[in-house]
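S.K.: The file below is query08.cif, mmCIF, C-alpha atoms and all ligand atoms:
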data_run
loop_
_atom_site.label_atom_id
_atom_site.label_comp_id
_atom_site.auth_asym_id
_atom_site.auth_seq_id
_atom_site.Cartn_x
_atom_site.Cartn_y
_atom_site.Cartn_z
CA MET E 239 7.45 -50.87 59.90
CA GLN E 240 7.77 -54.00 61.93
CA ASN E 241 7.54 -51.91 65.07
CA MET E 242 4.51 -50.15 63.87
CA ILE E 243 2.73 -53.43 63.26
CA ARG E 244 3.68 -54.68 66.70
CA LYS E 245 2.37 -51.53 68.23
CA ASN E 246 -0.87 -51.94 66.38
CA VAL E 247 -1.20 -55.50 67.51
CA ARG E 248 -0.67 -54.51 71.09
CA LYS E 249 -3.16 -51.73 70.79
CA ARG E 250 -5.69 -54.12 69.37
CA PHE E 251 -5.26 -56.43 72.28
CA THR E 252 -5.92 -53.60 74.66
CA VAL E 253 -9.10 -52.78 72.85
CA LYS E 254 -9.98 -56.46 72.92
CA GLU E 255 -9.43 -56.61 76.67
CA LYS E 256 -11.58 -53.60 77.16
CA ARG E 257 -14.27 -54.35 74.64
CA ASP E 258 -17.43 -53.71 76.43
CA VAL E 259 -20.72 -55.32 77.07
CA GLY E 260 -22.25 -54.31 73.82
CA HIS E 261 -25.01 -51.84 74.28
CA LEU E 262 -28.46 -52.01 75.56
CA ILE E 263 -31.03 -52.06 72.82
CA SER E 264 -34.19 -52.66 74.78
CA GLY E 265 -35.35 -53.69 78.22
CA PHE E 266 -38.26 -53.80 80.63
CA LEU E 267 -38.12 -52.56 84.17
CA ASP E 268 -38.59 -55.46 86.54
CA MET E 269 -36.47 -57.75 88.69
CA PHE E 270 -36.01 -59.96 85.68
CA LEU E 271 -35.12 -58.10 82.56
CA LYS E 272 -35.32 -59.50 79.10
CA VAL E 273 -32.82 -57.60 77.04
CA GLN E 274 -31.48 -57.76 73.55
CA LEU E 275 -27.77 -57.08 73.31
CA SER E 276 -25.24 -56.75 70.58
CA TRP E 277 -21.81 -58.16 71.16
CA ASN E 278 -18.66 -58.53 69.14
CA VAL E 279 -17.49 -62.12 69.31
CA ILE E 280 -13.83 -62.53 68.38
CA ILE E 281 -12.82 -65.82 66.83
CA PRO E 282 -9.08 -66.59 66.64
CA PRO E 283 -7.65 -67.64 63.27
CA GLU E 284 -7.15 -71.27 64.40
CA ALA E 285 -10.86 -71.72 64.89
CA LEU E 286 -11.75 -70.44 61.45
CA ASP E 287 -11.22 -73.74 59.66
CA ALA E 288 -14.63 -74.61 60.98
CA LYS E 289 -17.46 -73.90 58.58
CA GLY E 290 -21.20 -73.62 58.82
CA LEU E 291 -22.64 -75.16 61.96
CA MET E 292 -19.23 -75.73 63.52
CA LEU E 293 -18.37 -72.08 63.12
CA GLN E 294 -21.72 -71.09 64.55
CA ARG E 295 -21.00 -73.39 67.47
CA ALA E 296 -17.61 -71.78 68.04
CA ILE E 297 -19.25 -68.36 68.05
CA ILE E 298 -21.89 -69.43 70.56
CA ILE E 299 -19.33 -71.02 72.88
CA ARG E 300 -17.21 -67.90 72.73
CA LEU E 301 -20.22 -65.71 73.45
CA LEU E 302 -21.21 -67.78 76.49
CA ASP E 303 -17.61 -67.69 77.77
CA ASP E 304 -17.48 -63.91 77.41
CA ILE E 305 -20.75 -63.55 79.28
CA SER E 306 -19.89 -65.86 82.14
CA LEU E 307 -16.65 -63.95 82.71
CA ARG E 308 -18.57 -60.75 82.97
CA LYS E 309 -21.05 -62.08 85.57
CA ALA E 310 -22.96 -58.83 85.93
CA THR E 311 -23.05 -55.29 84.66
CA ARG E 312 -24.16 -52.12 86.37
CA ASP E 313 -26.91 -51.47 83.83
CA LEU E 314 -28.26 -54.95 83.36
CA GLY E 315 -27.57 -56.72 86.62
CA TYR E 316 -26.74 -60.42 86.52
CA ILE E 317 -26.91 -62.20 83.19
CA LEU E 318 -28.74 -65.43 84.03
CA ALA E 319 -29.19 -67.04 80.64
CA VAL E 320 -29.03 -66.46 76.93
CA THR E 321 -32.53 -67.21 75.69
CA THR E 322 -32.12 -66.75 71.94
CA LEU E 323 -29.38 -66.06 69.47
CA ASP E 324 -31.02 -63.56 67.17
CA SER E 325 -28.43 -63.01 64.49
CA ILE E 326 -24.81 -63.49 63.57
CA GLY E 327 -23.55 -60.79 61.24
CA GLU E 328 -20.85 -61.05 58.65
CA GLY E 329 -17.36 -61.53 60.08
CA LYS E 330 -14.78 -58.79 59.67
CA VAL E 331 -11.13 -59.78 59.53
CA ARG E 332 -8.66 -57.84 61.63
CA GLN E 333 -5.70 -57.40 59.35
CA GLN E 334 -2.90 -57.61 61.88
CA THR E 335 -4.07 -60.52 63.97
CA GLY E 336 -6.14 -62.56 61.56
CA GLU E 337 -8.94 -62.70 64.11
CA VAL E 338 -12.45 -62.40 62.82
CA VAL E 339 -15.00 -60.27 64.60
CA PHE E 340 -18.62 -61.38 64.33
CA PRO E 341 -21.32 -58.95 65.42
CA VAL E 342 -23.86 -61.04 67.29
CA VAL E 343 -27.29 -60.04 68.53
CA PHE E 344 -28.82 -62.14 71.28
CA THR E 345 -31.53 -61.99 73.89
CA CYS E 346 -30.85 -62.79 77.51
CA LEU E 347 -32.50 -62.85 80.87
CA THR E 348 -30.95 -60.72 83.56
CA PHE E 349 -31.68 -60.17 87.22
CA LYS E 350 -31.48 -56.79 88.85
CA ILE E 351 -33.00 -55.39 92.03
CA PHE E 352 -34.44 -51.93 92.47
CA LYS E 353 -35.11 -49.71 95.45
CA GLY E 354 -38.63 -50.21 96.81
CA GLU E 355 -39.02 -53.77 95.55
CA ILE E 356 -40.03 -56.63 97.82
CA LEU E 357 -37.89 -59.74 97.66
CA GLU E 358 -37.35 -62.97 99.52
CA GLY E 359 -33.87 -63.89 100.65
CA VAL E 360 -32.25 -66.68 102.62
CA VAL E 361 -30.14 -65.79 105.66
CA HIS E 362 -26.58 -67.06 105.30
CA ARG E 363 -24.77 -65.08 107.99
CA VAL E 364 -25.87 -63.76 111.34
CA LEU E 365 -23.90 -60.96 112.97
CA LYS E 366 -24.52 -58.98 116.10
CA HIS E 367 -25.81 -55.97 114.20
CA GLY E 368 -27.73 -57.65 111.43
CA VAL E 369 -27.93 -60.52 108.97
CA PHE E 370 -26.85 -61.14 105.39
CA LEU E 371 -29.34 -62.62 102.95
CA ARG E 372 -28.83 -64.22 99.57
CA CYS E 373 -31.37 -63.74 96.80
CA GLY E 374 -30.71 -65.50 93.51
CA PRO E 375 -27.29 -64.43 92.25
CA ILE E 376 -27.04 -61.61 94.82
CA GLU E 377 -24.98 -62.72 97.82
CA ASN E 378 -24.94 -59.67 100.00
CA LEU E 379 -28.25 -58.19 101.01
CA TYR E 380 -27.77 -56.64 104.41
CA LEU E 381 -30.61 -56.46 106.89
CA SER E 382 -29.48 -54.29 109.74
CA ASN E 383 -30.93 -54.75 113.22
CA GLN E 384 -31.99 -51.10 112.96
CA LYS E 385 -34.20 -52.05 110.02
CA MET E 386 -35.96 -54.90 111.84
CA PRO E 387 -37.81 -53.07 114.61
CA GLY E 388 -38.87 -55.20 117.55
CA TYR E 389 -36.24 -57.87 116.99
CA ASP E 390 -33.46 -58.56 119.48
CA TYR E 391 -30.19 -60.38 119.02
CA VAL E 392 -29.96 -63.71 120.78
CA PRO E 393 -26.30 -64.79 121.06
CA GLY E 394 -25.14 -68.41 121.15
CA GLU E 395 -23.61 -71.08 118.97
CA SER E 396 -26.13 -70.31 116.26
CA PRO E 397 -27.21 -66.76 117.04
CA TYR E 398 -30.47 -65.32 115.73
CA PHE E 399 -32.80 -62.36 116.02
CA LYS E 400 -36.27 -62.69 117.47
CA ASN E 401 -39.33 -60.66 118.31
CA LYS E 402 -42.11 -62.09 120.46
CA THR E 403 -43.33 -64.55 117.88
CA LEU E 404 -40.80 -64.87 115.08
CA LYS E 405 -37.16 -65.83 114.61
CA ILE E 406 -34.58 -64.79 112.02
CA GLY E 407 -31.64 -67.19 112.05
CA LYS E 408 -29.43 -68.96 109.54
CA ASP E 409 -31.41 -70.44 106.61
CA ALA E 410 -34.54 -68.48 107.46
CA VAL E 411 -36.41 -67.16 104.43
CA VAL E 412 -37.13 -63.48 104.95
CA ARG E 413 -39.34 -61.18 102.93
CA ALA E 414 -37.90 -57.68 102.92
CA SER E 415 -38.02 -54.46 100.97
CA VAL E 416 -35.03 -52.99 99.16
CA ILE E 417 -33.89 -49.72 100.75
CA GLY E 418 -30.95 -49.10 98.47
CA THR E 419 -28.64 -50.85 96.03
CA LYS E 420 -24.98 -50.38 95.29
CA TRP E 421 -22.91 -51.60 92.36
CA ILE E 422 -19.43 -52.75 93.40
CA GLU E 423 -17.28 -52.40 90.31
CA ALA E 424 -14.26 -54.28 91.71
CA ASP E 425 -16.31 -57.40 92.43
CA ARG E 426 -18.74 -56.84 89.58
CA GLU E 427 -21.65 -57.40 91.90
CA TYR E 428 -24.62 -55.67 93.45
CA GLN E 429 -25.06 -55.26 97.17
CA ALA E 430 -28.18 -53.94 98.83
CA LEU E 431 -29.65 -52.77 102.09
CA VAL E 432 -33.03 -54.25 102.94
CA GLY E 433 -35.52 -53.65 105.74
CA LEU E 434 -38.61 -55.08 107.40
CA GLU E 435 -40.52 -51.83 107.81
CA GLY E 436 -43.78 -52.44 105.95
CA ASP E 437 -46.73 -54.79 105.74
CA PHE E 438 -46.24 -58.52 105.31
CA LEU E 439 -42.49 -58.33 105.72
CA GLY E 440 -40.48 -60.65 107.96
CA PRO E 441 -39.43 -64.29 108.23
CA LEU E 442 -41.57 -66.79 106.33
CA SER E 443 -40.19 -69.78 108.20
CA ASP E 444 -38.08 -70.32 111.30
C1 LIG H 1 -42.78 -59.81 114.76
O1 LIG H 1 -42.37 -59.46 113.45
C2 LIG H 1 -43.34 -59.68 112.44
C3 LIG H 1 -42.75 -59.42 111.07
O2 LIG H 1 -41.53 -58.81 111.07
C4 LIG H 1 -44.54 -58.80 112.73
O3 LIG H 1 -45.53 -59.02 111.75
C5 LIG H 1 -45.08 -59.15 114.09
O4 LIG H 1 -46.15 -58.27 114.40
C6 LIG H 1 -43.99 -59.02 115.15
N1 LIG H 1 -44.52 -59.51 116.40
C7 LIG H 1 -44.44 -58.80 117.52
C8 LIG H 1 -45.08 -59.43 118.71
O5 LIG H 1 -43.90 -57.70 117.58
#
Translate the structure described by the file into structure tokens.
M.R.:
Amino acid sequence: MQNMIRKNVRKRFTVKEKRDVGHLISGFLDMFLKVQLSWNVIIPPEALDAKGLMLQRAIIIRLLDDISLRKATRDLGYILAVTTLDSIGEGKVRQQTGEVVFPVVFTCLTFKIFKGEILEGVVHRVLKHGVFLRCGPIENLYLSNQKMPGYDYVPGESPYFKNKTLKIGKDAVVRASVIGTKWIEADREYQALVGLEGDFLGPLSD
């Protein structure tokens, strides 16, 4: 009997570890998505002495912790902020552990890029074959030299790319179009390929 309980407890922890993002209820297609999510917030027995506002506070803190650990999801992109807490459902006690699970519904703002979109990024690394841009929470947008026609690499202590009139070096702000995106599960982040083929694309400052 004892064993069985232990086993159950362990199993519960596994489920807890794996409990997922909640599911998408609604969203709008754009770079910024406003989405409503449901999430199971697990409050340990020690924290349950708190009542009313204090308990609500504990639930919110736990929710924000859970979200910041997750950073981004394939479907939603980067969770930037929780904008409203829409509801906290009735807590359900887990018999074996004494934890209480509160179903919470909240609205958050997320950031996700899509193929074909135009974005502005800041160059943070210059390599011989291209540059890496950062755009909001996305660190690795790669602009290959092959996707910036007319630009040549200029080596040196701070290398850059230039065409006749414009320069793309470190800290340059570049407007580019998204050629493709890739979700990297291990790092829980998006990477993307961007290019300058199109009107009004290129460095905005040098
Ligand atoms: C340099 O690049 C910009 C934008 O990428 C483009 O608009 C401009 O025509 C190019 N200039 C030359 C001389 O090729």
S.K.: For ligand LIG 1 (chain H), collect every residue having any atom at a distance of at most 12 Å from a ligand atom (counting all atoms listed in the file); output as a PyMOL selection string.
M.R.: chain E and resi 381+383+385-390+399-406+411-415+433-444
S.K.: Next, write the just-selected residues to a file, as a PDB file, in the frame of the given file, keeping C-alpha atoms as the atom set.
M.R.:
ATOM      1  CA  LEU E 381     -30.610 -56.460 106.890  1.00  0.00           C
ATOM      2  CA  ASN E 383     -30.930 -54.750 113.220  1.00  0.00           C
ATOM      3  CA  LYS E 385     -34.200 -52.050 110.020  1.00  0.00           C
ATOM      4  CA  MET E 386     -35.960 -54.900 111.840  1.00  0.00           C
ATOM      5  CA  PRO E 387     -37.810 -53.070 114.610  1.00  0.00           C
ATOM      6  CA  GLY E 388     -38.870 -55.200 117.550  1.00  0.00           C
ATOM      7  CA  TYR E 389     -36.240 -57.870 116.990  1.00  0.00           C
ATOM      8  CA  ASP E 390     -33.460 -58.560 119.480  1.00  0.00           C
ATOM      9  CA  PHE E 399     -32.800 -62.360 116.020  1.00  0.00           C
ATOM     10  CA  LYS E 400     -36.270 -62.690 117.470  1.00  0.00           C
ATOM     11  CA  ASN E 401     -39.330 -60.660 118.310  1.00  0.00           C
ATOM     12  CA  LYS E 402     -42.110 -62.090 120.460  1.00  0.00           C
ATOM     13  CA  THR E 403     -43.330 -64.550 117.880  1.00  0.00           C
ATOM     14  CA  LEU E 404     -40.800 -64.870 115.080  1.00  0.00           C
ATOM     15  CA  LYS E 405     -37.160 -65.830 114.610  1.00  0.00           C
ATOM     16  CA  ILE E 406     -34.580 -64.790 112.020  1.00  0.00           C
ATOM     17  CA  VAL E 411     -36.410 -67.160 104.430  1.00  0.00           C
ATOM     18  CA  VAL E 412     -37.130 -63.480 104.950  1.00  0.00           C
ATOM     19  CA  ARG E 413     -39.340 -61.180 102.930  1.00  0.00           C
ATOM     20  CA  ALA E 414     -37.900 -57.680 102.920  1.00  0.00           C
ATOM     21  CA  SER E 415     -38.020 -54.460 100.970  1.00  0.00           C
ATOM     22  CA  GLY E 433     -35.520 -53.650 105.740  1.00  0.00           C
ATOM     23  CA  LEU E 434     -38.610 -55.080 107.400  1.00  0.00           C
ATOM     24  CA  GLU E 435     -40.520 -51.830 107.810  1.00  0.00           C
ATOM     25  CA  GLY E 436     -43.780 -52.440 105.950  1.00  0.00           C
ATOM     26  CA  ASP E 437     -46.730 -54.790 105.740  1.00  0.00           C
ATOM     27  CA  PHE E 438     -46.240 -58.520 105.310  1.00  0.00           C
ATOM     28  CA  LEU E 439     -42.490 -58.330 105.720  1.00  0.00           C
ATOM     29  CA  GLY E 440     -40.480 -60.650 107.960  1.00  0.00           C
ATOM     30  CA  PRO E 441     -39.430 -64.290 108.230  1.00  0.00           C
ATOM     31  CA  LEU E 442     -41.570 -66.790 106.330  1.00  0.00           C
ATOM     32  CA  SER E 443     -40.190 -69.780 108.200  1.00  0.00           C
ATOM     33  CA  ASP E 444     -38.080 -70.320 111.300  1.00  0.00           C
TER      34      ASP E 444
END
S.K.: List every residue of stretch 259-360 of chain E that has an atom at most 10 Å from any atom of stretch 426-430 of chain E, giving for each one its closest atom pair and the distance in Å to one decimal, counting only C-alpha atoms, sorted by chain and then by ascending residue number, as a Markdown table.
M.R.:
| residue | atom | partner | partner_atom | distance |
| --- | --- | --- | --- | --- |
| E:Arg308 | CA | E:Arg426 | CA | 7.7 |
| E:Lys309 | CA | E:Arg426 | CA | 7.0 |
| E:Ala310 | CA | E:Arg426 | CA | 5.9 |
| E:Thr311 | CA | E:Arg426 | CA | 6.7 |
| E:Arg312 | CA | E:Arg426 | CA | 7.9 |
| E:Gly315 | CA | E:Tyr428 | CA | 7.5 |
| E:Tyr316 | CA | E:Glu427 | CA | 8.0 |
| E:Lys350 | CA | E:Tyr428 | CA | 8.3 |
| E:Ile351 | CA | E:Ala430 | CA | 8.5 |
| E:Phe352 | CA | E:Ala430 | CA | 9.1 |
| E:Lys353 | CA | E:Ala430 | CA | 8.8 |
S.K.: Counting all atoms listed in the file, which residue out of E:Ala424, E:Leu318, E:Ile356, E:Ile281 sits closest to E:Lys330?
M.R.: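 For E:Lys330, the nearest of the candidates is E:Ile281.
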S.K.: Taking only C-alpha atoms into account, produce a table as a Markdown table in which each residue of stretch 291-331 of chain E with an atom at most 12 Å from an atom of stretch 272-275 of chain E appears once, together with its shortest atom pair and the distance in Å to one decimal, ordered by chain and rising number.
M.R.:
| residue | atom | partner | partner_atom | distance |
| --- | --- | --- | --- | --- |
| E:Leu301 | CA | E:Leu275 | CA | 11.5 |
| E:Ile305 | CA | E:Leu275 | CA | 11.3 |
| E:Asp313 | CA | E:Val273 | CA | 10.9 |
| E:Leu314 | CA | E:Val273 | CA | 8.2 |
| E:Gly315 | CA | E:Val273 | CA | 11.0 |
| E:Tyr316 | CA | E:Lys272 | CA | 11.4 |
| E:Ile317 | CA | E:Val273 | CA | 9.7 |
| E:Leu318 | CA | E:Lys272 | CA | 10.1 |
| E:Ala319 | CA | E:Lys272 | CA | 9.8 |
| E:Val320 | CA | E:Lys272 | CA | 9.6 |
| E:Thr321 | CA | E:Lys272 | CA | 8.9 |
| E:Thr322 | CA | E:Gln274 | CA | 9.2 |
| E:Leu323 | CA | E:Gln274 | CA | 9.5 |
| E:Asp324 | CA | E:Gln274 | CA | 8.6 |
| E:Ser325 | CA | E:Leu275 | CA | 10.6 |
S.K.: If I take atom CA of E:Leu365 and atom CA of E:Met269, how far is one from the other in Å, to one decimal?
M.R.: 27.5 Å
S.K.: Would you compute the distance between atom CA of E:Lys366 and atom CA of E:Phe349? Give it in Å to one decimal.
M.R.: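 Separation between atom CA of E:Lys366 and atom CA of E:Phe349: 29.8 Å.
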S.K.: May I ask which of the residues E:Val339, E:Ile298, E:Gly407, E:Phe270 is the closest one to E:Gly374, counting all atoms listed in the file?
M.R.: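 Among E:Val339, E:Ile298, E:Gly407, E:Phe270, it is E:Phe270 that comes nearest to E:Gly374.
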S.K.: Could you jot down the atom CA of E:Ile376 to atom CA of E:Tyr391 separation for me, Å, one decimal place?
M.R.: 24.4 Å
S.K.: Let me make sure I understand: among E:Ile297, E:Leu307, E:Asn378, E:Ala410, which one has the smallest atom-to-atom distance to E:Val342 if we use all atoms listed in the file?
M.R.: E:Ile297
S.K.: Quick one: of E:Pro283, E:Gly290, E:Pro341, E:Pro393, who's nearest to E:Gly329, counting only C-alpha atoms?
M.R.: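 Using only C-alpha atoms, the shortest distance to E:Gly329 belongs to E:Pro341.
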S.K.: Out of E:Val331, E:Val416, E:Ile280, E:Leu379, which residue has the shortest atom-to-atom distance to E:His362 when counting only C-alpha atoms?
M.R.: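 Of E:Val331, E:Val416, E:Ile280, E:Leu379, the one nearest E:His362, counting only C-alpha atoms, is E:Leu379.
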S.K.: Can you tell me, as AutoDock Vina command-line options, the centre and edge lengths (Å, one decimal) of the axis-aligned box enclosing all of stretch 306-320 of chain E's listed atoms after padding each side by 4 Å?
M.R.:
--center_x -22.9 --center_y -59.3 --center_z 81.8 --size_x 20.5 --size_y 23.6 --size_z 17.7
